[in-house]
Each structure stands twice: as structure tokens, then as C-alpha cells.
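Undergrad: As input, take target05.pdb (PDB, C-alpha atoms):
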MODEL        1
ATOM      1  CA  MET A  29     -18.538  49.835  -7.770
ATOM      2  CA  SER A  30     -17.668  48.375 -11.159
ATOM      3  CA  GLY A  31     -18.576  49.971 -14.458
ATOM      4  CA  VAL A  32     -21.138  47.252 -15.138
ATOM      5  CA  GLY A  33     -22.871  47.978 -11.841
ATOM      6  CA  VAL A  34     -23.007  51.698 -12.587
ATOM      7  CA  ARG A  35     -24.531  51.036 -16.006
ATOM      8  CA  ILE A  36     -27.173  48.730 -14.524
ATOM      9  CA  ILE A  37     -28.167  51.362 -11.967
ATOM     10  CA  ALA A  38     -28.286  54.008 -14.688
ATOM     11  CA  PHE A  39     -30.525  51.805 -16.843
ATOM     12  CA  ARG A  40     -32.876  51.211 -13.907
ATOM     13  CA  VAL A  41     -33.136  54.923 -13.170
ATOM     14  CA  LEU A  42     -33.546  56.016 -16.775
ATOM     15  CA  ALA A  43     -35.734  53.185 -18.089
ATOM     16  CA  VAL A  44     -39.087  54.677 -17.060
ATOM     17  CA  PRO A  45     -38.290  58.302 -18.090
ATOM     18  CA  ILE A  46     -37.035  57.116 -21.483
ATOM     19  CA  CYS A  47     -40.200  55.074 -22.047
ATOM     20  CA  LEU A  48     -42.355  58.078 -21.103
ATOM     21  CA  ILE A  49     -40.436  60.337 -23.480
ATOM     22  CA  ILE A  50     -40.837  57.843 -26.337
ATOM     23  CA  TRP A  51     -44.528  57.493 -25.505
ATOM     24  CA  GLU A  52     -44.951  61.290 -25.511
ATOM     25  CA  LEU A  53     -43.172  61.691 -28.850
ATOM     26  CA  VAL A  54     -45.108  58.877 -30.523
ATOM     27  CA  SER A  55     -48.401  60.212 -29.228
ATOM     28  CA  ARG A  56     -47.678  63.731 -30.457
ATOM     29  CA  SER A  57     -46.529  62.519 -33.861
ATOM     30  CA  ALA A  58     -48.858  61.791 -36.762
ATOM     31  CA  LEU A  59     -48.312  58.047 -36.473
ATOM     32  CA  TYR A  60     -51.318  57.371 -34.231
ATOM     33  CA  ASN A  61     -54.589  59.038 -33.368
ATOM     34  CA  PRO A  62     -53.915  60.949 -30.118
ATOM     35  CA  GLN A  63     -57.487  60.269 -28.995
ATOM     36  CA  LEU A  64     -56.756  56.555 -29.045
ATOM     37  CA  PHE A  65     -53.177  56.841 -27.762
ATOM     38  CA  PRO A  66     -53.034  59.889 -25.469
ATOM     39  CA  ALA A  67     -49.714  61.334 -24.383
ATOM     40  CA  PRO A  68     -48.555  60.656 -20.818
ATOM     41  CA  SER A  69     -48.717  64.383 -20.107
ATOM     42  CA  GLN A  70     -52.434  64.322 -20.951
ATOM     43  CA  VAL A  71     -52.939  61.238 -18.803
ATOM     44  CA  LEU A  72     -51.202  62.889 -15.851
ATOM     45  CA  VAL A  73     -53.309  66.047 -16.230
ATOM     46  CA  THR A  74     -56.471  63.926 -16.147
ATOM     47  CA  LEU A  75     -55.170  61.934 -13.180
ATOM     48  CA  TRP A  76     -54.337  65.105 -11.263
ATOM     49  CA  GLY A  77     -57.793  66.512 -11.936
ATOM     50  CA  ASP A  78     -59.478  63.321 -10.740
ATOM     51  CA  LEU A  79     -57.282  63.307  -7.637
ATOM     52  CA  ARG A  80     -58.254  66.880  -6.799
ATOM     53  CA  SER A  81     -61.939  66.131  -7.305
ATOM     54  CA  GLY A  82     -61.707  63.063  -5.066
ATOM     55  CA  LEU A  83     -62.924  60.725  -7.809
ATOM     56  CA  VAL A  84     -59.792  58.560  -7.813
ATOM     57  CA  LEU A  85     -59.679  58.325  -4.021
ATOM     58  CA  SER A  86     -63.325  57.307  -3.848
ATOM     59  CA  ASP A  87     -62.875  54.623  -6.493
ATOM     60  CA  ALA A  88     -59.613  53.404  -4.950
ATOM     61  CA  ARG A  89     -61.284  53.131  -1.538
ATOM     62  CA  ALA A  90     -64.110  51.034  -2.987
ATOM     63  CA  SER A  91     -61.723  48.736  -4.872
ATOM     64  CA  LEU A  92     -59.366  48.261  -1.944
ATOM     65  CA  SER A  93     -62.200  47.410   0.433
ATOM     66  CA  ARG A  94     -63.345  44.661  -1.950
ATOM     67  CA  VAL A  95     -59.824  43.308  -2.300
ATOM     68  CA  ALA A  96     -59.233  43.431   1.458
ATOM     69  CA  VAL A  97     -62.404  41.533   2.392
ATOM     70  CA  GLY A  98     -62.031  38.935  -0.362
ATOM     71  CA  TYR A  99     -58.300  38.489   0.155
ATOM     72  CA  LEU A 100     -58.350  38.119   3.934
ATOM     73  CA  SER A 101     -61.294  35.711   3.949
ATOM     74  CA  GLY A 102     -59.863  33.690   1.044
ATOM     75  CA  ALA A 103     -56.391  33.533   2.582
ATOM     76  CA  LEU A 104     -57.632  32.434   6.003
ATOM     77  CA  ALA A 105     -59.905  29.805   4.480
ATOM     78  CA  GLY A 106     -57.117  28.605   2.182
ATOM     79  CA  ILE A 107     -54.668  28.183   5.066
ATOM     80  CA  ALA A 108     -57.267  26.408   7.220
ATOM     81  CA  PHE A 109     -58.261  23.929   4.501
ATOM     82  CA  GLY A 110     -54.623  23.492   3.497
ATOM     83  CA  LEU A 111     -53.848  22.383   7.048
ATOM     84  CA  LEU A 112     -56.847  20.054   6.976
ATOM     85  CA  THR A 113     -56.090  18.333   3.666
ATOM     86  CA  GLY A 114     -52.364  18.301   4.321
ATOM     87  CA  ARG A 115     -52.703  16.572   7.689
ATOM     88  CA  SER A 116     -55.647  14.242   7.115
ATOM     89  CA  ASP A 117     -55.654  11.423   4.562
ATOM     90  CA  MET A 118     -59.457  11.309   4.693
ATOM     91  CA  ALA A 119     -59.763  15.045   4.031
ATOM     92  CA  ARG A 120     -57.216  14.779   1.205
ATOM     93  CA  ALA A 121     -59.202  11.974  -0.429
ATOM     94  CA  THR A 122     -62.550  13.792  -0.145
ATOM     95  CA  VAL A 123     -62.365  17.575   0.182
ATOM     96  CA  GLY A 124     -58.958  17.713  -1.478
ATOM     97  CA  GLN A 125     -60.196  15.878  -4.558
ATOM     98  CA  VAL A 126     -63.131  18.264  -4.922
ATOM     99  CA  PHE A 127     -60.798  21.254  -4.664
ATOM    100  CA  GLN A 128     -58.482  19.731  -7.252
ATOM    101  CA  LEU A 129     -61.375  19.490  -9.697
ATOM    102  CA  ILE A 130     -62.468  23.099  -9.136
ATOM    103  CA  ARG A 131     -59.015  24.674  -8.908
ATOM    104  CA  PRO A 132     -58.183  24.718 -12.670
ATOM    105  CA  ILE A 133     -61.363  26.667 -13.493
ATOM    106  CA  PRO A 134     -60.472  30.349 -14.169
ATOM    107  CA  PRO A 135     -62.022  32.491 -11.398
ATOM    108  CA  ILE A 136     -63.403  35.075 -13.833
ATOM    109  CA  SER A 137     -65.546  32.355 -15.438
ATOM    110  CA  PHE A 138     -67.635  32.469 -12.258
ATOM    111  CA  VAL A 139     -68.677  36.082 -12.881
ATOM    112  CA  PRO A 140     -72.092  35.163 -14.378
ATOM    113  CA  ILE A 141     -72.719  32.636 -11.609
ATOM    114  CA  ALA A 142     -71.774  35.145  -8.899
ATOM    115  CA  ILE A 143     -74.169  37.700 -10.376
ATOM    116  CA  LEU A 144     -76.899  35.077 -10.640
ATOM    117  CA  TRP A 145     -76.400  33.930  -7.044
ATOM    118  CA  PHE A 146     -75.645  37.210  -5.297
ATOM    119  CA  GLY A 147     -76.826  39.928  -7.683
ATOM    120  CA  LEU A 148     -74.811  43.060  -8.373
ATOM    121  CA  GLY A 149     -74.140  43.869  -4.728
ATOM    122  CA  GLU A 150     -70.856  43.834  -2.863
ATOM    123  CA  PHE A 151     -71.089  40.195  -1.817
ATOM    124  CA  ALA A 152     -70.707  39.022  -5.425
ATOM    125  CA  LYS A 153     -67.430  40.945  -5.685
ATOM    126  CA  TYR A 154     -66.226  39.582  -2.352
ATOM    127  CA  PHE A 155     -67.045  36.076  -3.561
ATOM    128  CA  LEU A 156     -65.080  36.435  -6.803
ATOM    129  CA  VAL A 157     -62.000  37.786  -5.028
ATOM    130  CA  PHE A 158     -62.361  35.095  -2.367
ATOM    131  CA  PHE A 159     -62.559  32.397  -5.035
ATOM    132  CA  GLY A 160     -59.461  33.689  -6.810
ATOM    133  CA  VAL A 161     -57.432  33.917  -3.587
ATOM    134  CA  PHE A 162     -58.529  30.675  -1.968
ATOM    135  CA  PHE A 163     -56.991  28.127  -4.320
ATOM    136  CA  PRO A 164     -53.415  29.502  -4.615
ATOM    137  CA  VAL A 165     -53.249  29.754  -0.833
ATOM    138  CA  TRP A 166     -54.878  26.372  -0.287
ATOM    139  CA  ILE A 167     -52.572  24.444  -2.620
ATOM    140  CA  SER A 168     -49.512  26.163  -1.141
ATOM    141  CA  ALA A 169     -50.569  25.403   2.433
ATOM    142  CA  HIS A 170     -51.543  21.854   1.461
ATOM    143  CA  LEU A 171     -48.161  21.139  -0.142
ATOM    144  CA  GLY A 172     -46.274  22.842   2.675
ATOM    145  CA  VAL A 173     -47.998  20.783   5.357
ATOM    146  CA  ASN A 174     -47.890  17.571   3.326
ATOM    147  CA  HIS A 175     -44.104  17.761   2.915
ATOM    148  CA  ILE A 176     -43.214  18.349   6.572
ATOM    149  CA  GLU A 177     -40.672  15.862   7.843
ATOM    150  CA  ARG A 178     -42.451  13.257   9.943
ATOM    151  CA  SER A 179     -39.696  13.364  12.552
ATOM    152  CA  TYR A 180     -40.821  16.868  13.558
ATOM    153  CA  ILE A 181     -44.359  15.655  14.145
ATOM    154  CA  TRP A 182     -43.283  12.532  16.014
ATOM    155  CA  THR A 183     -41.023  14.609  18.261
ATOM    156  CA  ALA A 184     -43.858  16.986  19.126
ATOM    157  CA  GLN A 185     -46.213  14.082  19.819
ATOM    158  CA  SER A 186     -43.658  12.307  22.003
ATOM    159  CA  MET A 187     -43.358  15.486  24.099
ATOM    160  CA  GLY A 188     -47.106  15.522  24.682
ATOM    161  CA  ALA A 189     -47.944  18.462  22.424
ATOM    162  CA  SER A 190     -51.666  18.930  21.868
ATOM    163  CA  ARG A 191     -53.193  19.060  18.394
ATOM    164  CA  TRP A 192     -53.407  22.863  18.460
ATOM    165  CA  SER A 193     -49.860  23.114  19.759
ATOM    166  CA  GLN A 194     -48.659  20.958  16.864
ATOM    167  CA  ILE A 195     -50.501  23.182  14.375
ATOM    168  CA  PHE A 196     -49.033  26.449  15.669
ATOM    169  CA  ASN A 197     -45.577  25.192  16.625
ATOM    170  CA  VAL A 198     -44.842  22.571  13.964
ATOM    171  CA  TYR A 199     -47.141  22.632  10.945
ATOM    172  CA  LEU A 200     -47.487  26.362  10.348
ATOM    173  CA  PRO A 201     -43.812  27.291  10.915
ATOM    174  CA  ALA A 202     -42.573  24.434   8.727
ATOM    175  CA  ALA A 203     -45.074  25.174   5.944
ATOM    176  CA  ALA A 204     -44.684  28.971   6.187
ATOM    177  CA  PRO A 205     -42.351  29.461   3.178
ATOM    178  CA  LEU A 206     -44.790  27.800   0.776
ATOM    179  CA  ILE A 207     -47.778  29.513   2.403
ATOM    180  CA  PHE A 208     -46.114  32.908   1.978
ATOM    181  CA  ALA A 209     -45.422  32.140  -1.676
ATOM    182  CA  GLY A 210     -49.095  31.326  -2.162
ATOM    183  CA  LEU A 211     -50.128  34.516  -0.400
ATOM    184  CA  ARG A 212     -48.010  36.606  -2.780
ATOM    185  CA  VAL A 213     -49.423  34.851  -5.832
ATOM    186  CA  ALA A 214     -52.912  35.445  -4.455
ATOM    187  CA  VAL A 215     -52.330  39.217  -4.251
ATOM    188  CA  ALA A 216     -52.096  39.498  -8.025
ATOM    189  CA  THR A 217     -54.998  37.095  -8.494
ATOM    190  CA  SER A 218     -57.185  39.168  -6.180
ATOM    191  CA  PHE A 219     -56.744  42.234  -8.389
ATOM    192  CA  PHE A 220     -57.478  40.192 -11.535
ATOM    193  CA  CYS A 221     -60.756  39.042 -10.005
ATOM    194  CA  LEU A 222     -61.530  42.557  -8.777
ATOM    195  CA  VAL A 223     -61.280  43.934 -12.318
ATOM    196  CA  ALA A 224     -63.597  41.232 -13.668
ATOM    197  CA  ALA A 225     -66.091  41.788 -10.850
ATOM    198  CA  GLU A 226     -66.214  45.573 -11.232
ATOM    199  CA  ILE A 227     -66.484  45.498 -15.016
ATOM    200  CA  ALA A 228     -69.314  42.966 -14.779
ATOM    201  CA  GLY A 229     -71.389  45.155 -12.514
ATOM    202  CA  ALA A 230     -70.491  47.961 -10.114
ATOM    203  CA  SER A 231     -71.220  51.615  -9.452
ATOM    204  CA  SER A 232     -67.766  52.525  -8.145
ATOM    205  CA  GLY A 233     -64.186  51.293  -8.260
ATOM    206  CA  LEU A 234     -61.158  51.727 -10.478
ATOM    207  CA  ALA A 235     -62.102  49.001 -12.979
ATOM    208  CA  PHE A 236     -65.646  50.360 -13.082
ATOM    209  CA  ARG A 237     -64.228  53.788 -13.928
ATOM    210  CA  ILE A 238     -62.124  52.253 -16.705
ATOM    211  CA  GLU A 239     -65.225  50.634 -18.206
ATOM    212  CA  ILE A 240     -67.267  53.853 -17.968
ATOM    213  CA  SER A 241     -64.393  55.823 -19.520
ATOM    214  CA  HIS A 242     -64.308  53.317 -22.366
ATOM    215  CA  LEU A 243     -67.996  53.867 -23.072
ATOM    216  CA  ALA A 244     -67.478  57.638 -22.977
ATOM    217  CA  PHE A 245     -64.348  57.382 -25.180
ATOM    218  CA  ARG A 246     -62.167  58.943 -22.468
ATOM    219  CA  VAL A 247     -58.999  56.964 -23.179
ATOM    220  CA  GLU A 248     -56.798  59.251 -21.081
ATOM    221  CA  ARG A 249     -58.994  58.508 -18.048
ATOM    222  CA  MET A 250     -58.723  54.799 -18.783
ATOM    223  CA  PHE A 251     -54.926  55.071 -18.690
ATOM    224  CA  ALA A 252     -55.062  57.180 -15.526
ATOM    225  CA  ASN A 253     -57.091  54.574 -13.658
ATOM    226  CA  LEU A 254     -54.912  51.781 -15.040
ATOM    227  CA  ILE A 255     -51.895  53.540 -13.548
ATOM    228  CA  VAL A 256     -53.580  53.825 -10.147
ATOM    229  CA  LEU A 257     -54.681  50.192 -10.287
ATOM    230  CA  GLY A 258     -51.143  49.076 -11.147
ATOM    231  CA  ILE A 259     -49.639  51.158  -8.348
ATOM    232  CA  LEU A 260     -52.057  49.749  -5.774
ATOM    233  CA  SER A 261     -51.472  46.167  -6.931
ATOM    234  CA  ALA A 262     -47.688  46.586  -6.827
ATOM    235  CA  ALA A 263     -47.869  48.320  -3.443
ATOM    236  CA  ALA A 264     -49.986  45.485  -2.013
ATOM    237  CA  ASP A 265     -47.521  42.877  -3.268
ATOM    238  CA  GLN A 266     -44.454  44.723  -2.015
ATOM    239  CA  GLY A 267     -46.158  45.578   1.272
ATOM    240  CA  LEU A 268     -46.936  41.914   1.882
ATOM    241  CA  ALA A 269     -43.376  40.919   0.974
ATOM    242  CA  PHE A 270     -41.983  43.593   3.319
ATOM    243  CA  GLY A 271     -44.222  42.453   6.163
ATOM    244  CA  ILE A 272     -43.180  38.827   5.681
ATOM    245  CA  ARG A 273     -39.476  39.773   5.694
ATOM    246  CA  LYS A 274     -39.863  41.776   8.887
ATOM    247  CA  LEU A 275     -42.163  39.449  10.816
ATOM    248  CA  PHE A 276     -40.844  36.082   9.584
ATOM    249  CA  PRO A 277     -37.212  36.514   8.467
ATOM    250  CA  TRP A 278     -36.457  32.844   9.104
ATOM    251  CA  ALA A 279     -38.997  31.798   6.463
ATOM    252  CA  GLN A 280     -37.155  33.584   3.655
ATOM    253  CA  GLU A 281     -34.375  31.009   3.526
ATOM    254  CA  ARG A 282     -36.690  28.359   2.093
ATOM    255  CA  ALA A 283     -39.093  30.604   0.211
ATOM    256  CA  PRO A 284     -39.263  29.997  -3.551
TER     257      PRO A 284
ENDMDL
END
For the file at hand, write its structure as C-alpha cells.
TA:
Amino acid sequence: MSGVGVRIIAFRVLAVPICLIIWELVSRSALYNPQLFPAPSQVLVTLWGDLRSGLVLSDARASLSRVAVGYLSGALAGIAFGLLTGRSDMARATVGQVFQLIRPIPPISFVPIAILWFGLGEFAKYFLVFFGVFFPVWISAHLGVNHIERSYIWTAQSMGASRWSQIFNVYLPAAAPLIFAGLRVAVATSFFCLVAAEIAGASSGLAFRIEISHLAFRVERMFANLIVLGILSAAADQGLAFGIRKLFPWAQERAP
């Protein structure tokens, strides 16, 4: 291994510890109020205490259940409508145009509407995550299906393939790279919408705990829950990427 490669590996290994040391020193200095900028050691002590009490696990379970329901329903709906608008000129001119008008609207702007329609219950949170996931997946599936080479479709039709056979053996495999890209983008979006939904109105969840800690001036608990939220979001993204690589290795060659 060259010297440059060794230095890059060393930087990757030492980057986080160095940042934590700098953070600790700055927090313990007189430059900032430690109550507003707690040291990482204090954050870790708070996080460990909340883990032992089960508070973090309870909040993480509530947040993940909301993400899971909203993400799965939004992804399935996005793929289904992407196939519809990508294959059908009529659907593209009608449903597709409506989606194109709604798609640029930030999902978190629907928080007041979701509360008005569904109240402060779980369905409002599912709806917001669903809304945030649906459009990245839909546009990716739509573009993937719309750009399939017509020769593939004509070949399948000439061999007598049924409509469902064409969907599962031609459209979905050919559009898979773009669909997978949309699914990965939607993972991050689902957590953005989750935070907005829980801050707007919830009685459990990691973002809810951050908001409550803010009102109680417990900044170290805010950082602790931010760390857990970041870990879960990164784990979901990397877990999805790992699953795609293992289950669909052929799709990686054309993935963005």
C-alpha cells in the first residue's frame, strides 16, 4: 500500500476521535457556555443513562415504526404509480401532471394539513412520511420505465408475454437501477418528515424527545437523541444499500 493510501486510512480512522477531542476541549474551555454546548462526555453519560432506563429504546421503537409504515407504503405506491405513468401516455398526461404539480411542495409544509385532517394520532405521522417517500420513488420509477428501450418491450410482446409478465420480467428489471436510487433518496426524506411530524405533535419518539429536552433546557439530551437519530438514519440507508447489492447485484452497474 502506498504512503498516500496509508495516510487516507489514518485520516478516516482518526477524524472522528480528533473532532470529539476538539469538541471536548472547546466545551470545557471558557469560550462557550457548557450548558448550551455540552461536552461529548456529558452527552454520552446522558445517553448511557437513557439507554439503561429504556427511554431511548422506547422512543427509537416508536420512531422506527412510523418510518417503517410510511416508507413501505410510500415506496410501494411510488413504484406502482411510476409503472403506471411510465407505461401509459394517458396516465402520464393526467395523473402524472397532477403529481408533477404536487411534487415540488416541501413535505413538511403539509404538517398543519395532516394534523387538521388526521389529528395528532399515528396516522398523521404515517401520512407525512408516506408523502415524503412517495414522490422520490415515483419520479425514479417513472423515469426508469419511461426510458426502457422499446425493443425489449416489442420482443416480450412478440413472444406472447402477458401484461404482468412484461411488468415483472421487463419493466421492473430494466428500471431497477433508477428505482433503487429513488428508494435510497427516500430513506433520508422519510427521517426528515418523521422529525417534522414528531415535533408537531407526538407523545413519544426521538424527535419528540429532542423537542421536550429543548423546552426543559436539557441540551445534552438533545444531542444524545440527535446521535441516535443519525445512527438509525445512516443504518437504514446503509442497510438498504447492502440489501440491494446482495439481492440485485446486476442493478449496480447502471445505478447512479
Undergrad: Please provide the set of residues having any atom within 12 Å of region 170-172 of chain A, restricted to all atoms listed in the file, with same-chain residues fewer than 4 positions apart removed, written as a JSON list (two decimals) with C-alpha atoms, in the coordinates of the input.
TA:
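Saved file out_33.json follows:
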[["chain", "number", "residue", "atom", "x", "y", "z"],
["A", 105, "ALA", "CA", -59.90, 29.80, 4.48],
["A", 106, "GLY", "CA", -57.12, 28.60, 2.18],
["A", 107, "ILE", "CA", -54.67, 28.18, 5.07],
["A", 108, "ALA", "CA", -57.27, 26.41, 7.22],
["A", 109, "PHE", "CA", -58.26, 23.93, 4.50],
["A", 110, "GLY", "CA", -54.62, 23.49, 3.50],
["A", 111, "LEU", "CA", -53.85, 22.38, 7.05],
["A", 112, "LEU", "CA", -56.85, 20.05, 6.98],
["A", 113, "THR", "CA", -56.09, 18.33, 3.67],
["A", 114, "GLY", "CA", -52.36, 18.30, 4.32],
["A", 115, "ARG", "CA", -52.70, 16.57, 7.69],
["A", 116, "SER", "CA", -55.65, 14.24, 7.12],
["A", 117, "ASP", "CA", -55.65, 11.42, 4.56],
["A", 119, "ALA", "CA", -59.76, 15.04, 4.03],
["A", 120, "ARG", "CA", -57.22, 14.78, 1.20],
["A", 123, "VAL", "CA", -62.36, 17.58, 0.18],
["A", 124, "GLY", "CA", -58.96, 17.71, -1.48],
["A", 127, "PHE", "CA", -60.80, 21.25, -4.66],
["A", 128, "GLN", "CA", -58.48, 19.73, -7.25],
["A", 162, "PHE", "CA", -58.53, 30.68, -1.97],
["A", 163, "PHE", "CA", -56.99, 28.13, -4.32],
["A", 164, "PRO", "CA", -53.42, 29.50, -4.62],
["A", 165, "VAL", "CA", -53.25, 29.75, -0.83],
["A", 166, "TRP", "CA", -54.88, 26.37, -0.29],
["A", 176, "ILE", "CA", -43.21, 18.35, 6.57],
["A", 177, "GLU", "CA", -40.67, 15.86, 7.84],
["A", 198, "VAL", "CA", -44.84, 22.57, 13.96],
["A", 199, "TYR", "CA", -47.14, 22.63, 10.94],
["A", 200, "LEU", "CA", -47.49, 26.36, 10.35],
["A", 201, "PRO", "CA", -43.81, 27.29, 10.92],
["A", 202, "ALA", "CA", -42.57, 24.43, 8.73],
["A", 203, "ALA", "CA", -45.07, 25.17, 5.94],
["A", 204, "ALA", "CA", -44.68, 28.97, 6.19],
["A", 205, "PRO", "CA", -42.35, 29.46, 3.18],
["A", 206, "LEU", "CA", -44.79, 27.80, 0.78],
["A", 207, "ILE", "CA", -47.78, 29.51, 2.40],
["A", 208, "PHE", "CA", -46.11, 32.91, 1.98],
["A", 209, "ALA", "CA", -45.42, 32.14, -1.68],
["A", 210, "GLY", "CA", -49.10, 31.33, -2.16],
["A", 282, "ARG", "CA", -36.69, 28.36, 2.09],
["A", 283, "ALA", "CA", -39.09, 30.60, 0.21],
["A", 284, "PRO", "CA", -39.26, 30.00, -3.55]]
Undergrad: Counting all atoms listed in the file, which residue out of A:Ile143, A:Met187, A:Leu156, A:Ala263 sits closest to Arg94 (chain A)?
TA: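 Selected residue with least distance to Arg94 (chain A): A:Leu156.
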Undergrad: Care to translate the PyMOL selection byres ((chain A and resi 92) around 10) into actual residues of this file, as a VMD selection string?
TA: chain A and resid 87 to 91 93 to 98 219 222 233 to 234 257 260 to 261 264
Undergrad: At most 8 Å is the cut-off: for each residue in region 171-269 of chain A with any atom that close to an atom of region 67-71 of chain A, write down the nearest atom pair and the distance in Å rounded to one decimal, counting all atoms listed in the file, chain first then increasing number, as JSON lines.
TA:
{"residue": "A:Glu248", "atom": "CA", "partner": "A:Val71", "partner_atom": "CA", "distance": 4.9}
{"residue": "A:Arg249", "atom": "CA", "partner": "A:Val71", "partner_atom": "CA", "distance": 6.7}
{"residue": "A:Phe251", "atom": "CA", "partner": "A:Val71", "partner_atom": "CA", "distance": 6.5}
{"residue": "A:Ala252", "atom": "CA", "partner": "A:Val71", "partner_atom": "CA", "distance": 5.6}
Undergrad: When the PyMOL selection byres ((chain A and resi 131-140) around 10) is applied to the structure above, which residues does it catch, written out as a count of residues only?
TA: 39
Undergrad: Between CA of Val173 (chain A) and CA of Arg212 (chain A), what distance in Å does the model show, to one decimal?
TA: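 Computed distance, CA of Val173 (chain A) to CA of Arg212 (chain A), equals 17.8 Å.
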Undergrad: Go ahead and fit an axis-aligned box to every listed atom of region 47-64 of chain A plus 5 Å each side, and pass me the centre and edge lengths in Å, one decimal, as lines of an AutoDock Vina configuration file.
TA:
center_x = -48.8
center_y = 59.4
center_z = -28.9
size_x = 27.3
size_y = 18.7
size_z = 25.7
Undergrad: My list of candidates is A:Thr183, A:His175, A:Gly149, A:Thr74. Which is closest to Ser241 (chain A) when distances are computed with all atoms listed in the file?
TA: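 Checking each of A:Thr183, A:His175, A:Gly149, A:Thr74 against Ser241 (chain A), counting all atoms listed in the file, the winner is A:Thr74.
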Undergrad: Near Gln63 (chain A), within 9 Å and counting all atoms listed in the file, which residues show up once chain neighbours fewer than 3 positions away are dropped, as a count of residues only?
TA: 6
Undergrad: What separation in Å, quoted to one decimal, exists between CA of Ser179 (chain A) and CA of Leu275 (chain A)?
TA: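 Atom-to-atom, CA of Ser179 (chain A) and CA of Leu275 (chain A) are spaced 26.3 Å apart.
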Undergrad: One number please: CA of Ile181 (chain A) to CA of Ala121 (chain A), in Å, one decimal.
TA: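 Going from CA of Ile181 (chain A) over to CA of Ala121 (chain A), I get 21.1 Å.
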Undergrad: Where atoms are missing, can you supply N, CA and C atoms for region 70-83 of chain A and output the lot as a short mmCIF file (atom, residue, chain, number, x, y, z; two decimals), in the frame of the given file?
TA:
data_model
loop_
_atom_site.label_atom_id
_atom_site.label_comp_id
_atom_site.auth_asym_id
_atom_site.auth_seq_id
_atom_site.Cartn_x
_atom_site.Cartn_y
_atom_site.Cartn_z
N GLN A 70 -50.98 64.20 -21.00
CA GLN A 70 -52.43 64.32 -20.95
C GLN A 70 -53.03 63.39 -19.91
N VAL A 71 -52.47 62.19 -19.81
CA VAL A 71 -52.94 61.24 -18.80
C VAL A 71 -52.69 61.78 -17.40
N LEU A 72 -51.53 62.36 -17.18
CA LEU A 72 -51.20 62.89 -15.85
C LEU A 72 -52.08 64.08 -15.50
N VAL A 73 -52.41 64.92 -16.49
CA VAL A 73 -53.31 66.05 -16.23
C VAL A 73 -54.68 65.53 -15.81
N THR A 74 -55.18 64.52 -16.50
CA THR A 74 -56.47 63.93 -16.15
C THR A 74 -56.42 63.29 -14.76
N LEU A 75 -55.32 62.58 -14.48
CA LEU A 75 -55.17 61.93 -13.18
C LEU A 75 -55.13 62.96 -12.06
N TRP A 76 -54.42 64.05 -12.28
CA TRP A 76 -54.34 65.10 -11.26
C TRP A 76 -55.71 65.73 -11.02
N GLY A 77 -56.46 65.95 -12.09
CA GLY A 77 -57.79 66.51 -11.94
C GLY A 77 -58.72 65.58 -11.17
N ASP A 78 -58.64 64.28 -11.45
CA ASP A 78 -59.48 63.32 -10.74
C ASP A 78 -59.05 63.17 -9.28
N LEU A 79 -57.75 63.34 -9.03
CA LEU A 79 -57.28 63.31 -7.64
C LEU A 79 -57.80 64.51 -6.86
N ARG A 80 -57.77 65.67 -7.47
CA ARG A 80 -58.25 66.88 -6.80
C ARG A 80 -59.75 66.82 -6.56
N SER A 81 -60.49 66.22 -7.47
CA SER A 81 -61.94 66.13 -7.30
C SER A 81 -62.34 65.03 -6.32
N GLY A 82 -61.42 64.17 -5.97
CA GLY A 82 -61.71 63.06 -5.07
C GLY A 82 -62.25 61.83 -5.75
N LEU A 83 -62.38 61.86 -7.08
CA LEU A 83 -62.92 60.72 -7.81
C LEU A 83 -62.03 59.50 -7.69
#
